[in-house]
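See below for the structure under consideration.
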Amino acid sequence: MISLLMLLMACLLTCLGQVFQKFTVERWRDQPDGWASKLRSPWLWSALACLGLGLLVWLLVLQRLEVSVAYPMLSLNFVLVTLVARFVFHEPIDARHWLGVALVVAGVVLLGRQV
């Protein structure tokens with residue numbers, strides 16, 4: 001059970017890091033071309049913190065689970081990022097994409113039985 005929770009934590013941190021990356025580049029559009037102001041972005045540092053913490057949790061997951069089970073479970077990020085893209089960034093998601101999300105969820109459920 002703890003392995004599954006850690007795996008979900010790694011997924012959530014990675015997803016959050018990716019969302020913060022999107023916020024970062026959205027804010028960069030309004031800034032001058034220089035890197036100095038871009039590197040001061042709190043979204044950038046938040047993204048790096050989440051991705052770094054996600055990596056550390058992922059390493060703990062790999063200590064507990066076989067990589068052949070754990071790695072495919074990270075495909076939950078695809079589902080989470082799709083939901084964020086649709087409901088936070090208001091991006092259009094077509095039926096084929098939703099079908100892919102459903103197939104990923106089905107695969108995660110099948111693999112989750114091994115955890």
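Ligands are numbered from 1 in the order shown, residues from 1 within each chain, and chains are lettered A, B, ... in the order they appear in the structure tokens.
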
Please provide as a count of residues only all residues within 9 Å of Val79 of chain A, with the sequence filter that same-chain residues fewer than 6 positions apart are discarded (counting only C-alpha atoms). 5

Please give the complete set of residues from chain A that DSSP, run on the backbone, assigns to helix (DSSP H, G or I), formatted as a ChimeraX atom specification. /A:2-28,35-39,42-64,67-73,76-87,95-112

Per residue of segment 24-73 of chain A within 10 Å of segment 8-19 of chain A, record the nearest atom pair and its distance in Å to one decimal, counting only C-alpha atoms, with rows in chain order and ascending residue number, as a tab-separated table.
```
residue	atom	partner	partner_atom	distance
A:Thr24	CA	A:Val19	CA	8.6
A:Trp43	CA	A:Gly17	CA	9.1
A:Leu44	CA	A:Gly17	CA	8.9
A:Trp45	CA	A:Gly17	CA	9.5
A:Ser46	CA	A:Gly17	CA	7.1
A:Ala47	CA	A:Gly17	CA	4.2
A:Leu48	CA	A:Gly17	CA	6.7
A:Ala49	CA	A:Gly17	CA	7.6
A:Cys50	CA	A:Gly17	CA	5.0
A:Leu51	CA	A:Gly17	CA	5.2
A:Gly52	CA	A:Thr14	CA	8.6
A:Leu53	CA	A:Leu13	CA	7.0
A:Gly54	CA	A:Ala10	CA	4.7
A:Leu55	CA	A:Ala10	CA	7.1
A:Leu56	CA	A:Ala10	CA	8.2
A:Val57	CA	A:Ala10	CA	5.5
A:Trp58	CA	A:Ala10	CA	5.5
A:Leu59	CA	A:Ala10	CA	9.2
A:Leu60	CA	A:Ala10	CA	9.4
A:Val61	CA	A:Ala10	CA	8.2
A:Met73	CA	A:Cys11	CA	8.5
```

I'd like the interatomic distance between atom CA of Ser3 of chain A and atom CA of Phe20 of chain A, to a tenth of an Å.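 We find that atom CA of Ser3 of chain A and atom CA of Phe20 of chain A lie 25.6 Å from each other.
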